[in-house]
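What follows is the content of data.cif, which has mmCIF, C-alpha atoms and all ligand atoms:
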data_entry
loop_
_atom_site.label_atom_id
_atom_site.label_comp_id
_atom_site.auth_asym_id
_atom_site.auth_seq_id
_atom_site.Cartn_x
_atom_site.Cartn_y
_atom_site.Cartn_z
CA MET A 1 37.56 138.69 49.02
CA THR A 2 39.07 141.76 47.33
CA ALA A 3 42.68 142.76 48.01
CA TYR A 4 43.55 143.96 51.50
CA SER A 5 44.43 147.65 51.62
CA LYS A 6 46.06 148.78 54.86
CA GLY A 7 44.36 151.93 56.14
CA LEU A 8 41.74 151.38 53.39
CA GLU A 9 43.96 153.40 51.02
CA GLY A 10 42.39 153.63 47.58
CA VAL A 11 39.18 151.90 48.70
CA VAL A 12 35.98 153.60 47.55
CA ALA A 13 33.47 153.02 50.35
CA ALA A 14 30.60 155.47 49.69
CA GLU A 15 29.02 157.76 47.13
CA THR A 16 28.58 161.45 47.87
CA LYS A 17 27.28 164.58 46.19
CA MET A 18 28.83 166.86 48.82
CA SER A 19 32.56 167.35 48.26
CA PHE A 20 34.97 166.45 45.47
CA ILE A 21 38.74 166.22 45.91
CA ASP A 22 41.43 165.89 43.26
CA GLY A 23 44.49 165.17 45.35
CA GLU A 24 46.96 165.38 42.46
CA LYS A 25 45.79 168.77 41.25
CA GLY A 26 44.96 170.16 44.71
CA VAL A 27 41.27 170.72 44.01
CA LEU A 28 38.44 170.79 46.57
CA GLU A 29 34.86 171.60 45.60
CA TYR A 30 31.65 171.57 47.62
CA VAL A 31 28.81 170.52 45.30
CA GLY A 32 31.00 171.53 42.37
CA ILE A 33 31.89 175.02 43.66
CA PRO A 34 35.64 175.58 44.18
CA ILE A 35 36.48 176.00 47.86
CA GLY A 36 38.21 179.34 47.17
CA ASP A 37 35.00 180.84 45.76
CA LEU A 38 33.09 179.73 48.84
CA ALA A 39 35.77 181.05 51.21
CA LYS A 40 35.59 184.44 49.46
CA ASN A 41 31.87 184.78 48.88
CA SER A 42 29.87 182.42 51.09
CA THR A 43 29.19 182.06 54.81
CA PHE A 44 29.31 178.95 56.99
CA GLU A 45 25.50 178.80 57.22
CA GLU A 46 25.12 179.09 53.45
CA THR A 47 27.83 176.47 52.91
CA VAL A 48 26.04 174.00 55.19
CA PHE A 49 22.78 174.62 53.31
CA LEU A 50 24.68 173.93 50.07
CA LEU A 51 26.11 170.67 51.42
CA TRP A 52 22.78 169.43 52.76
CA ASN A 53 20.64 170.49 49.80
CA GLY A 54 22.98 170.17 46.84
CA ARG A 55 22.41 173.80 45.78
CA LEU A 56 22.85 177.35 47.01
CA PRO A 57 19.84 178.78 48.88
CA LYS A 58 17.66 181.66 47.74
CA ALA A 59 17.64 184.61 50.18
CA ALA A 60 14.42 183.54 51.95
CA GLU A 61 15.64 179.94 52.26
CA LEU A 62 18.93 181.05 53.82
CA ALA A 63 17.08 183.34 56.23
CA ALA A 64 14.77 180.49 57.29
CA PHE A 65 17.66 178.03 57.65
CA THR A 66 19.71 180.49 59.68
CA ALA A 67 16.74 181.28 61.94
CA GLU A 68 16.21 177.56 62.52
CA ILE A 69 19.86 177.08 63.59
CA ARG A 70 19.72 180.12 65.90
CA LYS A 71 16.69 178.69 67.73
CA HIS A 72 19.11 176.01 68.92
CA TYR A 73 21.90 178.24 70.19
CA GLU A 74 20.47 177.77 73.71
CA LEU A 75 21.04 174.42 75.42
CA PRO A 76 18.06 172.23 76.36
CA ALA A 77 16.94 172.46 80.01
CA GLY A 78 19.25 170.44 82.24
CA MET A 79 22.28 170.50 79.94
CA GLU A 80 23.79 173.55 81.58
CA GLN A 81 23.75 171.91 85.03
CA ARG A 82 25.33 168.84 83.46
CA LEU A 83 28.10 170.99 81.99
CA LEU A 84 28.67 172.88 85.23
CA ALA A 85 29.21 169.56 87.00
CA LEU A 86 32.11 168.54 84.75
CA PRO A 87 35.70 168.59 86.02
CA ARG A 88 37.14 172.01 85.16
CA ASP A 89 40.35 170.41 83.94
CA ALA A 90 38.58 168.10 81.46
CA LYS A 91 39.99 168.40 77.96
CA PRO A 92 37.58 170.21 75.63
CA MET A 93 37.54 167.39 73.04
CA HIS A 94 36.56 164.88 75.73
CA MET A 95 33.96 167.35 76.98
CA ILE A 96 32.39 167.95 73.57
CA ARG A 97 32.35 164.24 72.69
CA THR A 98 30.59 163.51 75.99
CA MET A 99 28.17 166.43 75.84
CA VAL A 100 27.03 165.79 72.25
CA SER A 101 26.27 162.26 73.37
CA ALA A 102 24.43 163.65 76.42
CA LEU A 103 22.25 165.86 74.18
CA SER A 104 20.49 162.68 73.04
CA MET A 105 19.07 162.22 76.56
CA HIS A 106 17.41 165.64 76.31
CA ASP A 107 15.67 164.68 73.07
CA GLN A 108 12.22 163.06 73.25
CA ASN A 109 12.90 161.07 70.10
CA PRO A 110 16.66 160.65 69.71
CA ASP A 111 16.46 157.55 67.51
CA ALA A 112 14.24 159.03 64.78
CA ASN A 113 16.06 158.30 61.56
CA ASP A 114 13.71 159.52 58.83
CA ALA A 115 15.21 162.36 56.75
CA PRO A 116 13.29 165.30 58.34
CA SER A 117 14.11 164.03 61.86
CA LEU A 118 17.80 163.59 61.04
CA ARG A 119 17.85 167.11 59.62
CA GLU A 120 16.20 168.52 62.77
CA ARG A 121 18.78 166.82 64.96
CA ALA A 122 21.59 167.98 62.69
CA ILE A 123 20.43 171.60 62.99
CA SER A 124 20.15 171.39 66.77
CA ILE A 125 23.65 169.90 67.16
CA LEU A 126 25.06 172.52 64.77
CA GLY A 127 23.50 175.28 66.89
CA ARG A 128 24.53 173.85 70.26
CA VAL A 129 28.15 172.74 69.79
CA PRO A 130 29.53 176.33 69.84
CA THR A 131 27.50 177.09 72.98
CA LEU A 132 28.81 173.98 74.75
CA LEU A 133 32.39 174.93 73.89
CA ALA A 134 32.09 178.57 74.90
CA TYR A 135 30.20 177.75 78.13
CA PHE A 136 32.75 175.12 79.08
CA HIS A 137 35.68 177.44 78.43
CA ARG A 138 34.18 180.21 80.56
CA TYR A 139 33.18 177.77 83.32
CA ARG A 140 36.66 176.23 83.52
CA SER A 141 38.20 179.72 83.56
CA GLY A 142 35.95 180.81 86.44
CA MET A 143 34.17 183.40 84.28
CA PRO A 144 30.41 183.94 84.08
CA LEU A 145 28.67 182.31 81.11
CA VAL A 146 27.66 184.57 78.24
CA ARG A 147 24.26 183.68 76.77
CA PRO A 148 24.13 183.25 73.00
CA ASP A 149 23.01 186.21 70.89
CA THR A 150 20.61 184.95 68.22
CA SER A 151 21.15 188.04 66.09
CA LEU A 152 24.69 186.81 65.35
CA SER A 153 26.09 184.21 62.92
CA ILE A 154 27.54 180.96 64.27
CA ALA A 155 31.09 182.31 63.92
CA GLU A 156 30.40 185.70 65.46
CA ASN A 157 28.22 184.32 68.26
CA PHE A 158 30.88 181.73 69.19
CA LEU A 159 33.55 184.42 69.62
CA TYR A 160 31.07 186.64 71.46
CA MET A 161 30.15 183.87 73.95
CA LEU A 162 33.81 182.96 74.41
CA ASN A 163 35.15 186.48 75.04
CA ALA A 164 32.07 188.37 76.32
CA ALA A 165 32.70 190.92 73.56
CA ARG A 166 31.59 191.21 69.95
CA PRO A 167 34.51 190.32 67.66
CA THR A 168 35.69 192.83 65.08
CA ALA A 169 34.32 192.33 61.57
CA THR A 170 37.76 191.05 60.46
CA MET A 171 37.92 188.43 63.23
CA ALA A 172 34.31 187.32 62.68
CA LYS A 173 34.96 186.96 58.94
CA ALA A 174 38.21 185.04 59.58
CA MET A 175 36.41 182.63 61.94
CA ASP A 176 33.62 182.17 59.39
CA VAL A 177 36.10 181.46 56.56
CA CYS A 178 37.80 178.84 58.76
CA LEU A 179 34.43 177.14 59.32
CA VAL A 180 33.70 177.16 55.57
CA LEU A 181 37.12 175.65 54.77
CA HIS A 182 36.72 172.86 57.36
CA ALA A 183 33.06 171.97 56.69
CA ASP A 184 33.44 168.84 54.58
CA HIS A 185 36.20 166.74 53.07
CA GLY A 186 35.21 163.52 51.33
CA LEU A 187 35.42 160.27 53.25
CA ASN A 188 37.94 161.38 55.85
CA ASN A 189 38.30 159.21 58.95
CA SER A 190 35.70 160.97 61.10
CA THR A 191 33.16 161.16 58.28
CA PHE A 192 33.69 157.47 57.60
CA SER A 193 33.14 156.83 61.32
CA ALA A 194 29.85 158.79 61.22
CA ARG A 195 28.65 156.93 58.12
CA SER A 196 29.69 153.60 59.58
CA VAL A 197 27.76 154.21 62.82
CA ILE A 198 24.57 155.42 61.11
CA SER A 199 24.72 152.47 58.69
CA THR A 200 23.62 150.28 61.62
CA GLN A 201 20.51 152.52 61.83
CA SER A 202 21.78 153.84 65.15
CA ASP A 203 21.11 157.60 65.54
CA MET A 204 22.48 161.06 64.67
CA TYR A 205 23.93 161.67 68.16
CA SER A 206 25.84 158.38 68.13
CA ALA A 207 27.21 159.06 64.65
CA ILE A 208 28.42 162.58 65.55
CA THR A 209 29.82 161.38 68.89
CA ALA A 210 31.86 158.71 67.12
CA ALA A 211 33.05 161.24 64.56
CA ILE A 212 34.26 163.58 67.31
CA GLY A 213 36.22 160.72 68.86
CA SER A 214 37.89 160.13 65.51
CA LEU A 215 38.61 163.79 64.77
CA LYS A 216 40.40 164.15 68.09
CA GLY A 217 43.36 162.01 67.00
CA PRO A 218 46.65 163.79 66.17
CA LEU A 219 46.75 162.19 62.71
CA HIS A 220 43.39 163.84 61.95
CA GLY A 221 41.86 167.03 63.43
CA GLY A 222 44.10 166.94 66.50
CA ALA A 223 47.00 167.94 64.26
CA ASN A 224 46.12 171.66 64.47
CA GLU A 225 46.89 171.63 68.20
CA GLY A 226 50.07 169.64 67.46
CA VAL A 227 51.15 172.39 65.05
CA MET A 228 50.73 175.04 67.74
CA VAL A 229 52.66 172.95 70.27
CA MET A 230 55.47 172.69 67.69
CA LEU A 231 55.42 176.45 67.00
CA ASN A 232 55.66 177.08 70.74
CA GLU A 233 58.58 174.66 71.04
CA ILE A 234 60.60 176.42 68.33
CA PRO A 235 62.27 179.38 70.05
CA SER A 236 62.88 181.55 66.95
CA VAL A 237 62.48 181.73 63.17
CA GLU A 238 66.18 180.84 62.82
CA ALA A 239 65.73 177.69 64.94
CA ALA A 240 62.94 176.27 62.75
CA GLU A 241 65.13 174.55 60.14
CA LYS A 242 67.22 172.57 62.64
CA TYR A 243 64.12 171.65 64.66
CA VAL A 244 62.42 170.20 61.56
CA LEU A 245 65.49 168.39 60.25
CA ASP A 246 66.16 166.86 63.69
CA LYS A 247 62.61 165.59 63.84
CA LEU A 248 62.77 164.17 60.31
CA SER A 249 66.04 162.42 61.10
CA ARG A 250 64.29 160.72 64.02
CA LYS A 251 61.46 159.74 61.59
CA ASP A 252 59.02 161.89 63.57
CA LYS A 253 56.05 163.32 61.72
CA ILE A 254 55.79 167.10 61.34
CA MET A 255 52.24 168.01 62.33
CA GLY A 256 50.24 169.85 59.69
CA PHE A 257 52.03 168.20 56.77
CA GLY A 258 51.10 165.29 54.54
CA HIS A 259 47.78 163.88 53.50
CA ARG A 260 46.40 160.56 52.34
CA ILE A 261 44.65 162.16 49.35
CA TYR A 262 46.57 165.36 48.56
CA LYS A 263 49.94 164.84 46.98
CA SER A 264 50.14 168.56 46.17
CA TYR A 265 49.30 171.70 48.16
CA ASP A 266 46.05 171.30 50.12
CA PRO A 267 43.82 174.07 48.61
CA ARG A 268 42.48 174.86 52.09
CA ALA A 269 46.04 175.55 53.25
CA THR A 270 46.47 177.97 50.32
CA HIS A 271 43.64 180.12 51.69
CA LEU A 272 44.59 179.69 55.33
CA LYS A 273 48.15 180.80 54.59
CA VAL A 274 46.89 184.11 53.19
CA LEU A 275 44.49 184.53 56.11
CA ALA A 276 47.19 183.65 58.67
CA LYS A 277 49.56 186.25 57.20
CA GLN A 278 46.93 188.98 57.26
CA LEU A 279 45.82 188.22 60.83
CA ALA A 280 49.41 187.82 62.07
CA SER A 281 50.24 191.23 60.68
CA ASP A 282 47.08 192.76 62.23
CA THR A 283 47.73 191.21 65.66
CA GLY A 284 51.51 191.53 66.02
CA ASN A 285 52.13 187.81 65.45
CA MET A 286 54.40 187.99 62.40
CA ALA A 287 57.13 186.01 64.19
CA LEU A 288 54.71 183.10 64.48
CA TYR A 289 53.79 183.34 60.81
CA GLU A 290 57.44 183.53 59.81
CA LYS A 291 58.25 180.47 61.93
CA SER A 292 55.52 178.68 59.98
CA THR A 293 56.93 179.71 56.61
CA ALA A 294 60.43 178.68 57.76
CA ILE A 295 59.07 175.22 58.64
CA GLU A 296 57.33 175.03 55.27
CA LYS A 297 60.53 176.00 53.42
CA THR A 298 62.53 173.31 55.19
CA MET A 299 59.83 170.70 54.53
CA GLU A 300 59.72 171.72 50.86
CA THR A 301 63.41 170.99 50.41
CA ALA A 302 63.35 167.85 52.55
CA VAL A 303 60.15 166.01 51.64
CA ALA A 304 58.04 167.79 48.99
CA ALA A 305 59.36 165.28 46.44
CA LYS A 306 57.42 162.62 48.40
CA GLY A 307 54.22 164.67 47.93
CA ILE A 308 54.23 166.05 51.46
CA TYR A 309 52.89 169.62 51.66
CA PRO A 310 51.08 171.68 54.30
CA ASN A 311 47.56 170.44 54.99
CA VAL A 312 44.56 172.30 56.40
CA ASP A 313 45.87 172.10 59.96
CA PHE A 314 49.19 173.85 59.37
CA TYR A 315 48.17 177.47 58.84
CA SER A 316 44.92 177.10 60.77
CA ALA A 317 47.05 176.96 63.94
CA THR A 318 48.50 180.46 63.36
CA THR A 319 45.07 181.68 62.24
CA TYR A 320 43.31 180.43 65.39
CA HIS A 321 46.06 181.80 67.61
CA CYS A 322 45.66 185.24 66.00
CA ILE A 323 41.89 185.05 66.43
CA GLY A 324 42.66 184.60 70.14
CA LEU A 325 41.49 181.01 70.60
CA PRO A 326 43.07 179.00 73.42
CA LEU A 327 45.24 176.17 72.08
CA ASP A 328 43.01 173.35 73.29
CA LEU A 329 39.99 174.84 71.48
CA PHE A 330 41.62 174.51 68.05
CA THR A 331 40.37 170.96 67.44
CA PRO A 332 36.95 171.66 69.02
CA VAL A 333 36.55 174.53 66.52
CA PHE A 334 37.12 171.94 63.79
CA VAL A 335 34.16 170.08 65.34
CA ILE A 336 31.90 173.16 64.95
CA ALA A 337 32.67 173.20 61.23
CA ARG A 338 32.69 169.49 60.53
CA VAL A 339 29.30 168.87 62.15
CA GLY A 340 28.08 170.35 58.85
CA GLY A 341 29.87 167.66 56.86
CA TRP A 342 29.21 164.76 59.23
CA ALA A 343 25.49 165.43 59.50
CA GLY A 344 25.19 165.81 55.73
CA HIS A 345 26.93 162.46 55.25
CA VAL A 346 24.68 160.80 57.83
CA ILE A 347 21.59 162.03 55.95
CA GLU A 348 23.14 160.96 52.63
CA GLN A 349 24.02 157.51 54.02
CA MET A 350 20.50 156.94 55.31
CA GLY A 351 19.12 157.96 51.90
CA ASP A 352 20.66 154.83 50.38
CA ASN A 353 21.90 152.77 53.29
CA ARG A 354 23.73 149.49 53.42
CA LEU A 355 25.38 148.26 56.62
CA TYR A 356 29.16 148.80 56.67
CA ARG A 357 30.70 145.46 57.43
CA PRO A 358 34.16 144.98 55.86
CA ASP A 359 36.10 141.76 56.12
CA VAL A 360 39.33 141.06 57.96
CA LEU A 361 42.32 138.92 57.03
CA TYR A 362 42.74 136.41 59.85
CA LYS A 363 46.44 135.88 60.70
CA GLY A 364 46.14 133.72 63.84
CA PRO A 365 46.39 129.96 64.43
CA HIS A 366 43.70 127.33 63.66
CA ASN A 367 42.49 124.30 65.61
CA ALA A 368 44.44 125.36 68.67
CA PRO A 369 43.96 123.20 71.78
CA TYR A 370 42.00 124.60 74.71
CA VAL A 371 44.58 124.23 77.47
CA PRO A 372 43.04 123.79 80.92
CA MET A 373 43.90 126.57 83.39
CA ALA A 374 46.15 124.40 85.58
CA GLN A 375 48.34 123.38 82.60
CA ARG A 376 48.99 126.85 81.12
N1 LIG A 401 56.09 164.54 58.39
C1 LIG A 401 57.10 163.79 57.95
N2 LIG A 401 56.96 162.74 57.12
C2 LIG A 401 55.72 162.45 56.73
C3 LIG A 401 54.62 163.21 57.13
C4 LIG A 401 54.84 164.29 57.99
N3 LIG A 401 53.83 165.04 58.43
N4 LIG A 401 53.51 162.69 56.59
C5 LIG A 401 53.90 161.64 55.85
N5 LIG A 401 55.23 161.49 55.94
C6 LIG A 401 56.04 160.45 55.29
C7 LIG A 401 56.02 159.17 56.10
O1 LIG A 401 57.01 159.14 57.06
C8 LIG A 401 56.18 158.13 55.03
O2 LIG A 401 57.53 158.13 54.62
P1 LIG A 401 58.25 156.77 54.16
O3 LIG A 401 57.50 156.30 52.96
O4 LIG A 401 59.65 157.19 53.87
O5 LIG A 401 58.12 155.83 55.33
C9 LIG A 401 55.38 158.73 53.85
O6 LIG A 401 55.43 160.13 54.05
C10 LIG A 401 53.94 158.25 53.81
O7 LIG A 401 53.34 158.55 55.07
P2 LIG A 401 52.12 157.75 55.71
O8 LIG A 401 52.05 158.12 57.15
O9 LIG A 401 52.22 156.31 55.35
O10 LIG A 401 50.92 158.37 54.89
P3 LIG A 401 49.40 158.24 55.28
O11 LIG A 401 48.64 158.50 54.04
O12 LIG A 401 49.12 156.98 55.99
O13 LIG A 401 49.24 159.42 56.35
C11 LIG A 401 48.86 161.43 57.42
C12 LIG A 401 48.65 160.64 56.14
C13 LIG A 401 48.03 162.71 57.35
C14 LIG A 401 48.36 160.59 58.61
C15 LIG A 401 50.35 161.77 57.60
O14 LIG A 401 50.78 162.59 56.55
C16 LIG A 401 50.64 162.44 58.94
O15 LIG A 401 50.81 161.75 59.94
N6 LIG A 401 50.71 163.80 58.98
C17 LIG A 401 50.89 164.51 60.23
C18 LIG A 401 49.56 164.65 60.97
C19 LIG A 401 48.64 165.63 60.29
O16 LIG A 401 49.01 166.75 59.92
N7 LIG A 401 47.37 165.23 60.16
C20 LIG A 401 46.31 166.07 59.57
C21 LIG A 401 45.84 165.53 58.26
S1 LIG A 401 44.88 166.67 57.27
C22 LIG A 401 43.54 167.16 58.20
C23 LIG A 401 42.69 166.09 58.73
O17 LIG A 401 42.37 165.12 58.07
O18 LIG A 401 42.27 166.23 59.86
#

Represent the structure contained in this file as structure tokens.
Ligand code: CMC
Amino acid sequence: MTAYSKGLEGVVAAETKMSFIDGEKGVLEYVGIPIGDLAKNSTFEETVFLLWNGRLPKAAELAAFTAEIRKHYELPAGMEQRLLALPRDAKPMHMIRTMVSALSMHDQNPDANDAPSLRERAISILGRVPTLLAYFHRYRSGMPLVRPDTSLSIAENFLYMLNAARPTATMAKAMDVCLVLHADHGLNNSTFSARSVISTQSDMYSAITAAIGSLKGPLHGGANEGVMVMLNEIPSVEAAEKYVLDKLSRKDKIMGFGHRIYKSYDPRATHLKVLAKQLASDTGNMALYEKSTAIEKTMETAVAAKGIYPNVDFYSATTYHCIGLPLDLFTPVFVIARVGGWAGHVIEQMGDNRLYRPDVLYKGPHNAPYVPMAQR
């Protein structure tokens, strides 16, 4: 048995051609292309094509891929009734985990695991997750559902279905950039979960459902909601320093900081910080942005020496707030983006599969007596 590594730190458990991370230098590339270039020049749809195909699409290929995704903006028959029967106070992450799982029951062949079938299922989940989220939000708010508009991109259509109004070009672009930045990230916990599930030859729905369950945790994707809760708890920019230092003295974690792989600035946070500032200024939310920079300044003095910097979730909270997203949709929006990464990893895993089955270090007793019930 090889050495035990708590939390699997430093363990290499898969090969990928999708994303590359250099945690010391703060580098993230998708198929070799720096994340900043993609955030500036690409779109979410093009980025997903890149991740799934290992190259950028030609114009006709992107048009065909986009059209294929848009065919799946609508939910399959029966899913809407299912959604409208959910408790209105269900939490959106529980809802989306459950409803992605339920999609499998509306698929004639949910267990098909050959590459074209996995790709078809990936495209349909990618198209439907934003619809499920927007429908659920409007249903729970007592507002009529807004049908998807297949002339719009995933980002623009999501905001349109959510708000019953076309977003401005700036907001649509900001949403799209967020999706690009969150699309894939090595063997993070949820991606590992997806690869682990599909390695049993289960199915795409099960793998994505498991990944959503993982992403929900506050140490992973749930941190973006934790950041917003923290920003709401801090009454003013001036109060930020004491709030952070008090938390650190209690050994509490500051949400949106630290990373297993990055020991320098998360390159996604670099871009989100710029975006957050621009949107905050456009939407009259500069106080929120300044609270964020005050937290960052305090953290820099207190813990940067330990390699703790803002991660992707820190400035995405301010960004999502300025886009107008309700707090409990922050992590579900991460799901929209990461379906791209998860599905790509599922397809990659099945291309060269071996069952994940690590070992465990047994620490219990041996040869223990079976004590009869009456003598315990
Ligand atoms: N605030 C304060 N101290 C921290 C933080 C933080 N956010 N993160 C790490 N530390 C400290 C930690 O207390 C420990 O200190 P010491 O060695 O003195 O005991 C040291 O840094 C190592 O921390 P760790 O928890 O052992 O590191 P890890 O690699 O197991 O955890 C992490 C990584 C992301 C879970 C952790 O940094 C954390 O809990 N951050 C807050 C939650 C968060 O923002 N999560 C989102 C991660 S990025 C996006 C994603 O993957 O979804």

Go through chain A and flag each residue having an atom no more than 6 Å from ligand LIG 401 (chain A); for those, report the closest pair of atoms plus their distance in Å to one decimal, using only C-alpha atoms and all ligand atoms, ordered by chain and rising number, as JSON lines.
{"residue": "A:Leu219", "atom": "CA", "partner": "A:LIG401", "partner_atom": "N7", "distance": 4.0}
{"residue": "A:His220", "atom": "CA", "partner": "A:LIG401", "partner_atom": "O18", "distance": 3.4}
{"residue": "A:Gly221", "atom": "CA", "partner": "A:LIG401", "partner_atom": "O18", "distance": 3.7}
{"residue": "A:Ala223", "atom": "CA", "partner": "A:LIG401", "partner_atom": "C19", "distance": 4.9}
{"residue": "A:Lys253", "atom": "CA", "partner": "A:LIG401", "partner_atom": "N1", "distance": 3.5}
{"residue": "A:Ile254", "atom": "CA", "partner": "A:LIG401", "partner_atom": "N1", "distance": 3.9}
{"residue": "A:Met255", "atom": "CA", "partner": "A:LIG401", "partner_atom": "O16", "distance": 4.2}
{"residue": "A:Gly256", "atom": "CA", "partner": "A:LIG401", "partner_atom": "O16", "distance": 3.3}
{"residue": "A:Phe257", "atom": "CA", "partner": "A:LIG401", "partner_atom": "N3", "distance": 4.0}
{"residue": "A:Gly258", "atom": "CA", "partner": "A:LIG401", "partner_atom": "O14", "distance": 3.4}
{"residue": "A:His259", "atom": "CA", "partner": "A:LIG401", "partner_atom": "C13", "distance": 4.0}
{"residue": "A:Arg260", "atom": "CA", "partner": "A:LIG401", "partner_atom": "O11", "distance": 3.5}
{"residue": "A:Asn311", "atom": "CA", "partner": "A:LIG401", "partner_atom": "S1", "distance": 5.2}
{"residue": "A:Val312", "atom": "CA", "partner": "A:LIG401", "partner_atom": "C22", "distance": 5.5}
{"residue": "A:Asp313", "atom": "CA", "partner": "A:LIG401", "partner_atom": "C22", "distance": 5.7}

Write out the residues from the selection above, keeping C-alpha atoms, as an mmCIF file, in the frame of the given file.
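Contents of the output file result-v3.cif:
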data_model
loop_
_atom_site.group_PDB
_atom_site.id
_atom_site.type_symbol
_atom_site.label_atom_id
_atom_site.label_comp_id
_atom_site.auth_asym_id
_atom_site.auth_seq_id
_atom_site.Cartn_x
_atom_site.Cartn_y
_atom_site.Cartn_z
ATOM 1 C CA LEU A 219 46.750 162.190 62.710
ATOM 2 C CA HIS A 220 43.390 163.840 61.950
ATOM 3 C CA GLY A 221 41.860 167.030 63.430
ATOM 4 C CA ALA A 223 47.000 167.940 64.260
ATOM 5 C CA LYS A 253 56.050 163.320 61.720
ATOM 6 C CA ILE A 254 55.790 167.100 61.340
ATOM 7 C CA MET A 255 52.240 168.010 62.330
ATOM 8 C CA GLY A 256 50.240 169.850 59.690
ATOM 9 C CA PHE A 257 52.030 168.200 56.770
ATOM 10 C CA GLY A 258 51.100 165.290 54.540
ATOM 11 C CA HIS A 259 47.780 163.880 53.500
ATOM 12 C CA ARG A 260 46.400 160.560 52.340
ATOM 13 C CA ASN A 311 47.560 170.440 54.990
ATOM 14 C CA VAL A 312 44.560 172.300 56.400
ATOM 15 C CA ASP A 313 45.870 172.100 59.960
#

Item to check | Among listed residues A:Ala112, A:Leu245, A:Leu118, A:Leu159, nearest A:Val346 (using only C-alpha atoms) | outcome: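 Closest to A:Val346, using only C-alpha atoms: A:Leu118.
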
Next on the checklist: Counting only C-alpha atoms, which residue out of A:Val237, A:Ile336, A:Ala210, A:Met228 sits closest to A:Asn189?
Outcome noted: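 Smallest separation from A:Asn189 among the options: A:Ala210.
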
Next on the checklist: Please return as a PyMOL selection string every residue within 12 Å of (15.1, 170.5, 55.6), taking into account all atoms listed in the file and the file's own coordinates.
Outcome noted: chain A and resi 48-54+57+61-62+64-66+68-69+114-123+344+347

Can I get the selection written as a PDB file, in the frame of the given file, with C-alpha atoms?
ATOM      1  CA  VAL A  48      26.040 174.000  55.190  1.00  0.00           C
ATOM      2  CA  PHE A  49      22.780 174.620  53.310  1.00  0.00           C
ATOM      3  CA  LEU A  50      24.680 173.930  50.070  1.00  0.00           C
ATOM      4  CA  LEU A  51      26.110 170.670  51.420  1.00  0.00           C
ATOM      5  CA  TRP A  52      22.780 169.430  52.760  1.00  0.00           C
ATOM      6  CA  ASN A  53      20.640 170.490  49.800  1.00  0.00           C
ATOM      7  CA  GLY A  54      22.980 170.170  46.840  1.00  0.00           C
ATOM      8  CA  PRO A  57      19.840 178.780  48.880  1.00  0.00           C
ATOM      9  CA  GLU A  61      15.640 179.940  52.260  1.00  0.00           C
ATOM     10  CA  LEU A  62      18.930 181.050  53.820  1.00  0.00           C
ATOM     11  CA  ALA A  64      14.770 180.490  57.290  1.00  0.00           C
ATOM     12  CA  PHE A  65      17.660 178.030  57.650  1.00  0.00           C
ATOM     13  CA  THR A  66      19.710 180.490  59.680  1.00  0.00           C
ATOM     14  CA  GLU A  68      16.210 177.560  62.520  1.00  0.00           C
ATOM     15  CA  ILE A  69      19.860 177.080  63.590  1.00  0.00           C
ATOM     16  CA  ASP A 114      13.710 159.520  58.830  1.00  0.00           C
ATOM     17  CA  ALA A 115      15.210 162.360  56.750  1.00  0.00           C
ATOM     18  CA  PRO A 116      13.290 165.300  58.340  1.00  0.00           C
ATOM     19  CA  SER A 117      14.110 164.030  61.860  1.00  0.00           C
ATOM     20  CA  LEU A 118      17.800 163.590  61.040  1.00  0.00           C
ATOM     21  CA  ARG A 119      17.850 167.110  59.620  1.00  0.00           C
ATOM     22  CA  GLU A 120      16.200 168.520  62.770  1.00  0.00           C
ATOM     23  CA  ARG A 121      18.780 166.820  64.960  1.00  0.00           C
ATOM     24  CA  ALA A 122      21.590 167.980  62.690  1.00  0.00           C
ATOM     25  CA  ILE A 123      20.430 171.600  62.990  1.00  0.00           C
ATOM     26  CA  GLY A 344      25.190 165.810  55.730  1.00  0.00           C
ATOM     27  CA  ILE A 347      21.590 162.030  55.950  1.00  0.00           C
TER      28      ILE A 347
END

Next on the checklist: Residues near stretch 195-205 of chain A, anyone? I mean within 8 Å using all atoms listed in the file, not counting same-chain ones fewer than 3 positions away, as number ranges by chain.
Outcome noted: A: 100-101, 103-104, 110-113, 118, 121-122, 191-192, 208-210, 342-343, 345-346, 349-350, 353-356

Checklist entry - Pick from A:Asp37, A:Glu348, A:Asp246, A:Asp282: nearest to A:Met299, with only C-alpha atoms counted? => result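 Going through A:Asp37, A:Glu348, A:Asp246, A:Asp282 one by one, the smallest distance to A:Met299 is for A:Asp246.
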